[in-house]
Amino acid sequence: EFAKAGLKPIVGDSYLQPVELIQFLPDTGQTALILRRGGKEQTYQFMRDFYGFFPHDVTISAPVVFAGYGITAPEFHYDDYANLDVKGKIVLVFDHEPQETDPNSIFNGIGNTRHANSRLKALNAEKHGAVGILIASEPNRKHPSNIERLSRIPGIVDRITHVPSQALADSEVNIPSFNISDSVAETLFSTSGKKESELQASIDSSLKPASMALPGSEIEMKVVNAEMRRGMTDNVAGMIEGSEPSLKNETIIFSGHYDHDGMRNGQIFHGADDNGSGTVGVIELARAFAANPARPKRTLVFIVFAAEERGLLGSYYYAAHPLRPLDTTRAVINFDMIGRNEAPSAQTEGLIKIDPDTSNELNLIGTVNSPDYRAVVEQQDKVVGL
């Protein structure tokens, strides 16, 4: 479709950027989280007390160190790992970011920065020498935890136990990561003399580290996969070259993801809305821009990513192997689930407010992260009546 629209190939003479994946299915009976303390052993249950996925079988036993939110952000003069030795240890960190409900937070007010990303927390722990990472929901949170949110999704246990996970074959993440329940986190903190809620409040109020070892505790993270195989997929990309010599080296990306949930028990999960609709939207934009005699000043890249439902893998691969330089990429406008009006559900309760009538609304997530984008959107809304 990109070729028919008149886009130029961007991967040499091809529109396909190959992405190698590892597909794996966790053995939920053998994958385990075990706490050893004072000569006693406590084994926790997958999907009740913890969950996590890793493409390689591995067993790691190590002492536990609390590392705040697990963030190193020199741009904010903030570092949970300052003066903290985590080499050979398993780190326990809070999910999200400090001051999440404070509009004046240095971490982009009530929006998120990249430091809220769990993958970045794992990479940061790995960079500091940790051998594993446990992610606990913030004790003072105003939103559902990841485990609470997952439990609202119908059939989630069947999906996790029967639909394989995936990872990039050249993934930068080389340590296992488990999300743990509130009760497991409370047990881990019980020998520290500190309450989790007090620690979070201290960090949020001062933006100073409250990191420390959690004495007398050793954790075993055991990952066992029932099956594992490698395979290839592709991101699909094309471009319209910019017309302005001084700006054509800059890039605007229009993107979406084209995968959904594959096949299970003979049933194909097509994903018409998530995200056939966004994919078609990107194709239609490609056709419109290519047919327009007024050429864009900057180069436009149209790309639909693979393996989004398995952890944004196509996007992460592009970021690690960009087809045009990231430092001159000026914007990414991504389309996901544009095929229907949104309605309140158990999955959105406590996470996002959805009006009863959304027929004249669009949910533009990027306006939370980019004040400049929000200003442009609000101005244009007046023009078109949204």
# chains A, B, ... in the order shown; residues from 1 in each chain; ligands from 1
>>> residues_around(residues="range 62-68 of chain A", least_positions_apart="6", cutoff="9 Å", atoms="only C-alpha atoms", output="VMD selection string")
chain A and resid 80 to 81 84 to 86 88 to 94 125 131 to 132 188 to 189 199 to 200 203 209 to 221
>>> residues_around(residues="range 303-319 of chain A", least_positions_apart="6", cutoff="8 Å", atoms="only C-alpha atoms", output="list in words")
Val19, Ser165, Gln166, Ala167, Leu168, Thr233, Asp234, Asn235, Val236, Ala237, Gly238, Ile253, Phe254, Ser255, Gly256, His257, Tyr258, Asp259, His260, Asp261, Thr279, Val282 and Leu326 of chain A
>>> write_last_selection(atoms="N, CA and C atoms", output="PDB file, in the first residue's frame")
ATOM      1  N   VAL A  19      12.891  -7.534  11.854  1.00  0.00           N
ATOM      2  CA  VAL A  19      13.017  -7.521  13.311  1.00  0.00           C
ATOM      3  C   VAL A  19      13.027  -8.974  13.785  1.00  0.00           C
ATOM      4  N   SER A 165       4.661 -14.847  24.987  1.00  0.00           N
ATOM      5  CA  SER A 165       5.266 -13.525  25.042  1.00  0.00           C
ATOM      6  C   SER A 165       6.358 -13.436  23.999  1.00  0.00           C
ATOM      7  N   GLN A 166       6.868 -12.228  23.787  1.00  0.00           N
ATOM      8  CA  GLN A 166       7.946 -12.036  22.823  1.00  0.00           C
ATOM      9  C   GLN A 166       8.956 -11.031  23.372  1.00  0.00           C
ATOM     10  N   ALA A 167      10.170 -11.109  22.853  1.00  0.00           N
ATOM     11  CA  ALA A 167      11.227 -10.163  23.204  1.00  0.00           C
ATOM     12  C   ALA A 167      12.115  -9.977  21.981  1.00  0.00           C
ATOM     13  N   LEU A 168      12.777  -8.833  21.904  1.00  0.00           N
ATOM     14  CA  LEU A 168      13.735  -8.624  20.833  1.00  0.00           C
ATOM     15  C   LEU A 168      14.916  -9.566  21.011  1.00  0.00           C
ATOM     16  N   THR A 233       9.971 -10.917  11.978  1.00  0.00           N
ATOM     17  CA  THR A 233       8.843 -10.104  11.555  1.00  0.00           C
ATOM     18  C   THR A 233       9.423  -8.838  10.931  1.00  0.00           C
ATOM     19  N   ASP A 234       8.577  -7.857  10.630  1.00  0.00           N
ATOM     20  CA  ASP A 234       9.065  -6.645   9.974  1.00  0.00           C
ATOM     21  C   ASP A 234       8.283  -5.425  10.426  1.00  0.00           C
ATOM     22  N   ASN A 235       8.986  -4.313  10.629  1.00  0.00           N
ATOM     23  CA  ASN A 235       8.347  -3.005  10.576  1.00  0.00           C
ATOM     24  C   ASN A 235       8.190  -2.633   9.099  1.00  0.00           C
ATOM     25  N   VAL A 236       7.145  -1.889   8.765  1.00  0.00           N
ATOM     26  CA  VAL A 236       6.888  -1.508   7.373  1.00  0.00           C
ATOM     27  C   VAL A 236       6.974   0.015   7.276  1.00  0.00           C
ATOM     28  N   ALA A 237       7.849   0.514   6.406  1.00  0.00           N
ATOM     29  CA  ALA A 237       8.121   1.962   6.388  1.00  0.00           C
ATOM     30  C   ALA A 237       8.321   2.472   4.969  1.00  0.00           C
ATOM     31  N   GLY A 238       7.900   3.724   4.768  1.00  0.00           N
ATOM     32  CA  GLY A 238       8.160   4.438   3.522  1.00  0.00           C
ATOM     33  C   GLY A 238       8.229   5.920   3.813  1.00  0.00           C
ATOM     34  N   ILE A 253       7.451  11.617  11.867  1.00  0.00           N
ATOM     35  CA  ILE A 253       7.005  10.228  11.740  1.00  0.00           C
ATOM     36  C   ILE A 253       5.505  10.135  12.015  1.00  0.00           C
ATOM     37  N   PHE A 254       4.791   9.475  11.104  1.00  0.00           N
ATOM     38  CA  PHE A 254       3.409   9.057  11.343  1.00  0.00           C
ATOM     39  C   PHE A 254       3.426   7.543  11.534  1.00  0.00           C
ATOM     40  N   SER A 255       2.891   7.058  12.637  1.00  0.00           N
ATOM     41  CA  SER A 255       3.052   5.636  12.929  1.00  0.00           C
ATOM     42  C   SER A 255       1.820   5.020  13.557  1.00  0.00           C
ATOM     43  N   GLY A 256       1.819   3.698  13.586  1.00  0.00           N
ATOM     44  CA  GLY A 256       0.825   2.878  14.275  1.00  0.00           C
ATOM     45  C   GLY A 256       1.420   1.485  14.394  1.00  0.00           C
ATOM     46  N   HIS A 257       0.687   0.561  14.969  1.00  0.00           N
ATOM     47  CA  HIS A 257       1.160  -0.831  14.969  1.00  0.00           C
ATOM     48  C   HIS A 257       0.124  -1.687  14.265  1.00  0.00           C
ATOM     49  N   TYR A 258       0.606  -2.714  13.554  1.00  0.00           N
ATOM     50  CA  TYR A 258      -0.314  -3.517  12.735  1.00  0.00           C
ATOM     51  C   TYR A 258      -0.573  -4.911  13.303  1.00  0.00           C
ATOM     52  N   ASP A 259       0.065  -5.260  14.415  1.00  0.00           N
ATOM     53  CA  ASP A 259      -0.144  -6.593  14.989  1.00  0.00           C
ATOM     54  C   ASP A 259      -1.308  -6.575  15.967  1.00  0.00           C
ATOM     55  N   HIS A 260      -1.837  -7.754  16.259  1.00  0.00           N
ATOM     56  CA  HIS A 260      -2.772  -7.901  17.381  1.00  0.00           C
ATOM     57  C   HIS A 260      -2.378  -9.173  18.136  1.00  0.00           C
ATOM     58  N   ASP A 261      -3.306 -10.097  18.357  1.00  0.00           N
ATOM     59  CA  ASP A 261      -3.014 -11.227  19.242  1.00  0.00           C
ATOM     60  C   ASP A 261      -2.855 -12.567  18.530  1.00  0.00           C
ATOM     61  N   THR A 279      -3.587   1.522  11.631  1.00  0.00           N
ATOM     62  CA  THR A 279      -2.767   1.179  10.466  1.00  0.00           C
ATOM     63  C   THR A 279      -3.366   1.769   9.191  1.00  0.00           C
ATOM     64  N   VAL A 282      -2.784   5.472   9.023  1.00  0.00           N
ATOM     65  CA  VAL A 282      -1.447   5.834   8.540  1.00  0.00           C
ATOM     66  C   VAL A 282      -1.364   5.685   7.025  1.00  0.00           C
ATOM     67  N   LEU A 326      17.701   9.957  14.887  1.00  0.00           N
ATOM     68  CA  LEU A 326      16.751  10.379  15.913  1.00  0.00           C
ATOM     69  C   LEU A 326      16.973  11.825  16.329  1.00  0.00           C
TER      70      LEU A 326
END
>>> closest_residue(among="A:Glu138, A:Ile156, A:Val184, A:Pro144", to="Ala201 in chain A", atoms="only C-alpha atoms")
A:Glu138
>>> select_by_dssp(residues="range 66-296 of chain A", states="strand (DSSP E)", output="ChimeraX atom specification")
/A:66,72-73,78-79,90-94,132-136,165-168,177-180,212-223,225-240,251-257,262-264,267-269
>>> atom_distance(atom1="CA of Asn360 in chain A", atom2="CA of Ala288 in chain A")
23.5 Å
>>> closest_residue(among="A:Leu300, A:Ile338, A:Leu364, A:Ala116", to="Glu100 in chain A", atoms="only C-alpha atoms")
A:Ala116
>>> atom_distance(atom1="CA of Pro74 in chain A", atom2="CA of Pro371 in chain A")
21.5 Å
>>> closest_atom_pairs(of="range 209-293 of chain A", to="range 42-58 of chain A", cutoff="10 Å", atoms="only C-alpha atoms", output="tab-separated table")
residue	atom	partner	partner_atom	distance
A:Ile219	CA	A:Gln42	CA	9.6
A:Glu220	CA	A:Thr43	CA	9.3
A:Met221	CA	A:Val58	CA	7.9
A:Lys222	CA	A:Val58	CA	5.9
A:Val223	CA	A:Asp57	CA	5.2
A:Val224	CA	A:Asp57	CA	4.9
A:Asn225	CA	A:Asp57	CA	6.2
A:Ala226	CA	A:Asp57	CA	9.5
A:Glu227	CA	A:Pro55	CA	9.7
A:Met228	CA	A:Pro55	CA	7.6
A:Arg229	CA	A:Pro55	CA	9.5
>>> atom_distance(atom1="CA of His115 in chain A", atom2="CA of Thr251 in chain A")
24.4 Å
>>> select_by_dssp(residues="range 172-353 of chain A", states="helix (DSSP H, G or I)", output="NGL selection string")
:A and (182-189 or 196-206 or 272-291 or 313-320 or 326-328)
>>> closest_residue(among="A:Arg298, A:Lys195, A:His321, A:Lys208", to="Asp170 in chain A", atoms="only C-alpha atoms")
A:His321
>>> closest_residue(among="A:Ala5, A:Ala294, A:Ala169, A:Met337", to="Ser243 in chain A", atoms="only C-alpha atoms")
A:Ala294
>>> decode(residues="range 87-125 of chain A", atoms="N, CA and C atoms", output="PDB file, in the first residue's frame")
ATOM      1  N   LYS A  87      25.588  -3.903  43.047  1.00  0.00           N
ATOM      2  CA  LYS A  87      26.248  -4.933  42.236  1.00  0.00           C
ATOM      3  C   LYS A  87      25.982  -6.316  42.815  1.00  0.00           C
ATOM      4  N   GLY A  88      25.486  -7.195  41.944  1.00  0.00           N
ATOM      5  CA  GLY A  88      25.176  -8.546  42.367  1.00  0.00           C
ATOM      6  C   GLY A  88      23.928  -8.668  43.212  1.00  0.00           C
ATOM      7  N   LYS A  89      23.142  -7.604  43.323  1.00  0.00           N
ATOM      8  CA  LYS A  89      21.944  -7.592  44.154  1.00  0.00           C
ATOM      9  C   LYS A  89      20.683  -7.573  43.272  1.00  0.00           C
ATOM     10  N   ILE A  90      19.554  -7.865  43.913  1.00  0.00           N
ATOM     11  CA  ILE A  90      18.247  -7.655  43.303  1.00  0.00           C
ATOM     12  C   ILE A  90      17.702  -6.346  43.847  1.00  0.00           C
ATOM     13  N   VAL A  91      17.302  -5.434  42.972  1.00  0.00           N
ATOM     14  CA  VAL A  91      16.788  -4.149  43.429  1.00  0.00           C
ATOM     15  C   VAL A  91      15.262  -4.180  43.465  1.00  0.00           C
ATOM     16  N   LEU A  92      14.709  -3.540  44.488  1.00  0.00           N
ATOM     17  CA  LEU A  92      13.273  -3.329  44.630  1.00  0.00           C
ATOM     18  C   LEU A  92      13.003  -1.855  44.402  1.00  0.00           C
ATOM     19  N   VAL A  93      12.119  -1.520  43.457  1.00  0.00           N
ATOM     20  CA  VAL A  93      11.841  -0.121  43.143  1.00  0.00           C
ATOM     21  C   VAL A  93      10.337   0.110  43.084  1.00  0.00           C
ATOM     22  N   PHE A  94       9.954   1.369  43.301  1.00  0.00           N
ATOM     23  CA  PHE A  94       8.564   1.765  43.111  1.00  0.00           C
ATOM     24  C   PHE A  94       8.289   1.977  41.632  1.00  0.00           C
ATOM     25  N   ASP A  95       7.070   1.706  41.223  1.00  0.00           N
ATOM     26  CA  ASP A  95       6.615   1.976  39.868  1.00  0.00           C
ATOM     27  C   ASP A  95       6.445   3.494  39.680  1.00  0.00           C
ATOM     28  N   HIS A  96       6.361   3.927  38.430  1.00  0.00           N
ATOM     29  CA  HIS A  96       6.070   5.317  38.061  1.00  0.00           C
ATOM     30  C   HIS A  96       7.180   6.274  38.508  1.00  0.00           C
ATOM     31  N   GLU A  97       6.803   7.507  38.921  1.00  0.00           N
ATOM     32  CA  GLU A  97       7.770   8.567  39.194  1.00  0.00           C
ATOM     33  C   GLU A  97       7.415   9.324  40.463  1.00  0.00           C
ATOM     34  N   PRO A  98       8.368  10.082  41.037  1.00  0.00           N
ATOM     35  CA  PRO A  98       8.039  10.927  42.192  1.00  0.00           C
ATOM     36  C   PRO A  98       7.048  12.038  41.813  1.00  0.00           C
ATOM     37  N   GLN A  99       6.319  12.493  42.820  1.00  0.00           N
ATOM     38  CA  GLN A  99       5.441  13.661  42.708  1.00  0.00           C
ATOM     39  C   GLN A  99       4.431  13.540  41.566  1.00  0.00           C
ATOM     40  N   GLU A 100       3.879  12.346  41.393  1.00  0.00           N
ATOM     41  CA  GLU A 100       3.043  12.072  40.221  1.00  0.00           C
ATOM     42  C   GLU A 100       1.759  12.893  40.183  1.00  0.00           C
ATOM     43  N   THR A 101       1.251  13.286  41.365  1.00  0.00           N
ATOM     44  CA  THR A 101       0.004  14.049  41.397  1.00  0.00           C
ATOM     45  C   THR A 101       0.235  15.545  41.586  1.00  0.00           C
ATOM     46  N   ASP A 102       1.488  15.983  41.498  1.00  0.00           N
ATOM     47  CA  ASP A 102       1.830  17.396  41.701  1.00  0.00           C
ATOM     48  C   ASP A 102       1.981  18.085  40.347  1.00  0.00           C
ATOM     49  N   PRO A 103       1.099  19.024  40.000  1.00  0.00           N
ATOM     50  CA  PRO A 103       1.211  19.716  38.708  1.00  0.00           C
ATOM     51  C   PRO A 103       2.530  20.457  38.535  1.00  0.00           C
ATOM     52  N   ASN A 104       3.208  20.763  39.643  1.00  0.00           N
ATOM     53  CA  ASN A 104       4.473  21.501  39.575  1.00  0.00           C
ATOM     54  C   ASN A 104       5.691  20.597  39.653  1.00  0.00           C
ATOM     55  N   SER A 105       5.482  19.295  39.567  1.00  0.00           N
ATOM     56  CA  SER A 105       6.607  18.366  39.662  1.00  0.00           C
ATOM     57  C   SER A 105       7.609  18.599  38.542  1.00  0.00           C
ATOM     58  N   ILE A 106       8.899  18.449  38.885  1.00  0.00           N
ATOM     59  CA  ILE A 106       9.931  18.546  37.853  1.00  0.00           C
ATOM     60  C   ILE A 106       9.796  17.411  36.843  1.00  0.00           C
ATOM     61  N   PHE A 107       9.131  16.314  37.248  1.00  0.00           N
ATOM     62  CA  PHE A 107       8.895  15.195  36.340  1.00  0.00           C
ATOM     63  C   PHE A 107       7.643  15.457  35.504  1.00  0.00           C
ATOM     64  N   ASN A 108       7.623  16.576  34.798  1.00  0.00           N
ATOM     65  CA  ASN A 108       6.562  16.915  33.847  1.00  0.00           C
ATOM     66  C   ASN A 108       5.191  17.010  34.504  1.00  0.00           C
ATOM     67  N   GLY A 109       5.141  17.599  35.703  1.00  0.00           N
ATOM     68  CA  GLY A 109       3.847  17.774  36.348  1.00  0.00           C
ATOM     69  C   GLY A 109       3.126  16.454  36.529  1.00  0.00           C
ATOM     70  N   ILE A 110       1.836  16.415  36.169  1.00  0.00           N
ATOM     71  CA  ILE A 110       1.059  15.179  36.312  1.00  0.00           C
ATOM     72  C   ILE A 110       1.198  14.276  35.085  1.00  0.00           C
ATOM     73  N   GLY A 111       1.995  14.682  34.113  1.00  0.00           N
ATOM     74  CA  GLY A 111       2.322  13.800  32.994  1.00  0.00           C
ATOM     75  C   GLY A 111       3.502  12.926  33.370  1.00  0.00           C
ATOM     76  N   ASN A 112       3.840  12.001  32.516  1.00  0.00           N
ATOM     77  CA  ASN A 112       4.997  11.138  32.745  1.00  0.00           C
ATOM     78  C   ASN A 112       6.182  11.571  31.891  1.00  0.00           C
ATOM     79  N   THR A 113       7.371  11.305  32.380  1.00  0.00           N
ATOM     80  CA  THR A 113       8.559  11.358  31.548  1.00  0.00           C
ATOM     81  C   THR A 113       8.953   9.921  31.208  1.00  0.00           C
ATOM     82  N   ARG A 114       9.997   9.769  30.448  1.00  0.00           N
ATOM     83  CA  ARG A 114      10.448   8.426  30.062  1.00  0.00           C
ATOM     84  C   ARG A 114      10.892   7.607  31.267  1.00  0.00           C
ATOM     85  N   HIS A 115      11.208   8.296  32.377  1.00  0.00           N
ATOM     86  CA  HIS A 115      11.732   7.590  33.550  1.00  0.00           C
ATOM     87  C   HIS A 115      10.673   6.758  34.260  1.00  0.00           C
ATOM     88  N   ALA A 116       9.395   6.943  33.909  1.00  0.00           N
ATOM     89  CA  ALA A 116       8.328   6.106  34.484  1.00  0.00           C
ATOM     90  C   ALA A 116       8.282   4.723  33.841  1.00  0.00           C
ATOM     91  N   ASN A 117       8.992   4.548  32.744  1.00  0.00           N
ATOM     92  CA  ASN A 117       8.930   3.328  31.953  1.00  0.00           C
ATOM     93  C   ASN A 117       9.630   2.174  32.667  1.00  0.00           C
ATOM     94  N   SER A 118       8.926   1.058  32.825  1.00  0.00           N
ATOM     95  CA  SER A 118       9.486  -0.093  33.544  1.00  0.00           C
ATOM     96  C   SER A 118      10.715  -0.664  32.850  1.00  0.00           C
ATOM     97  N   ARG A 119      10.715  -0.622  31.527  1.00  0.00           N
ATOM     98  CA  ARG A 119      11.874  -1.133  30.784  1.00  0.00           C
ATOM     99  C   ARG A 119      13.113  -0.291  31.088  1.00  0.00           C
ATOM    100  N   LEU A 120      12.923   1.030  31.179  1.00  0.00           N
ATOM    101  CA  LEU A 120      14.057   1.891  31.488  1.00  0.00           C
ATOM    102  C   LEU A 120      14.551   1.654  32.919  1.00  0.00           C
ATOM    103  N   LYS A 121      13.625   1.357  33.836  1.00  0.00           N
ATOM    104  CA  LYS A 121      14.036   1.035  35.198  1.00  0.00           C
ATOM    105  C   LYS A 121      14.901  -0.229  35.216  1.00  0.00           C
ATOM    106  N   ALA A 122      14.509  -1.234  34.423  1.00  0.00           N
ATOM    107  CA  ALA A 122      15.300  -2.469  34.353  1.00  0.00           C
ATOM    108  C   ALA A 122      16.673  -2.199  33.741  1.00  0.00           C
ATOM    109  N   LEU A 123      16.716  -1.400  32.682  1.00  0.00           N
ATOM    110  CA  LEU A 123      18.000  -1.064  32.066  1.00  0.00           C
ATOM    111  C   LEU A 123      18.886  -0.285  33.028  1.00  0.00           C
ATOM    112  N   ASN A 124      18.292   0.616  33.808  1.00  0.00           N
ATOM    113  CA  ASN A 124      19.072   1.394  34.764  1.00  0.00           C
ATOM    114  C   ASN A 124      19.614   0.510  35.873  1.00  0.00           C
ATOM    115  N   ALA A 125      18.791  -0.430  36.353  1.00  0.00           N
ATOM    116  CA  ALA A 125      19.262  -1.377  37.366  1.00  0.00           C
ATOM    117  C   ALA A 125      20.412  -2.214  36.829  1.00  0.00           C
TER     118      ALA A 125
END
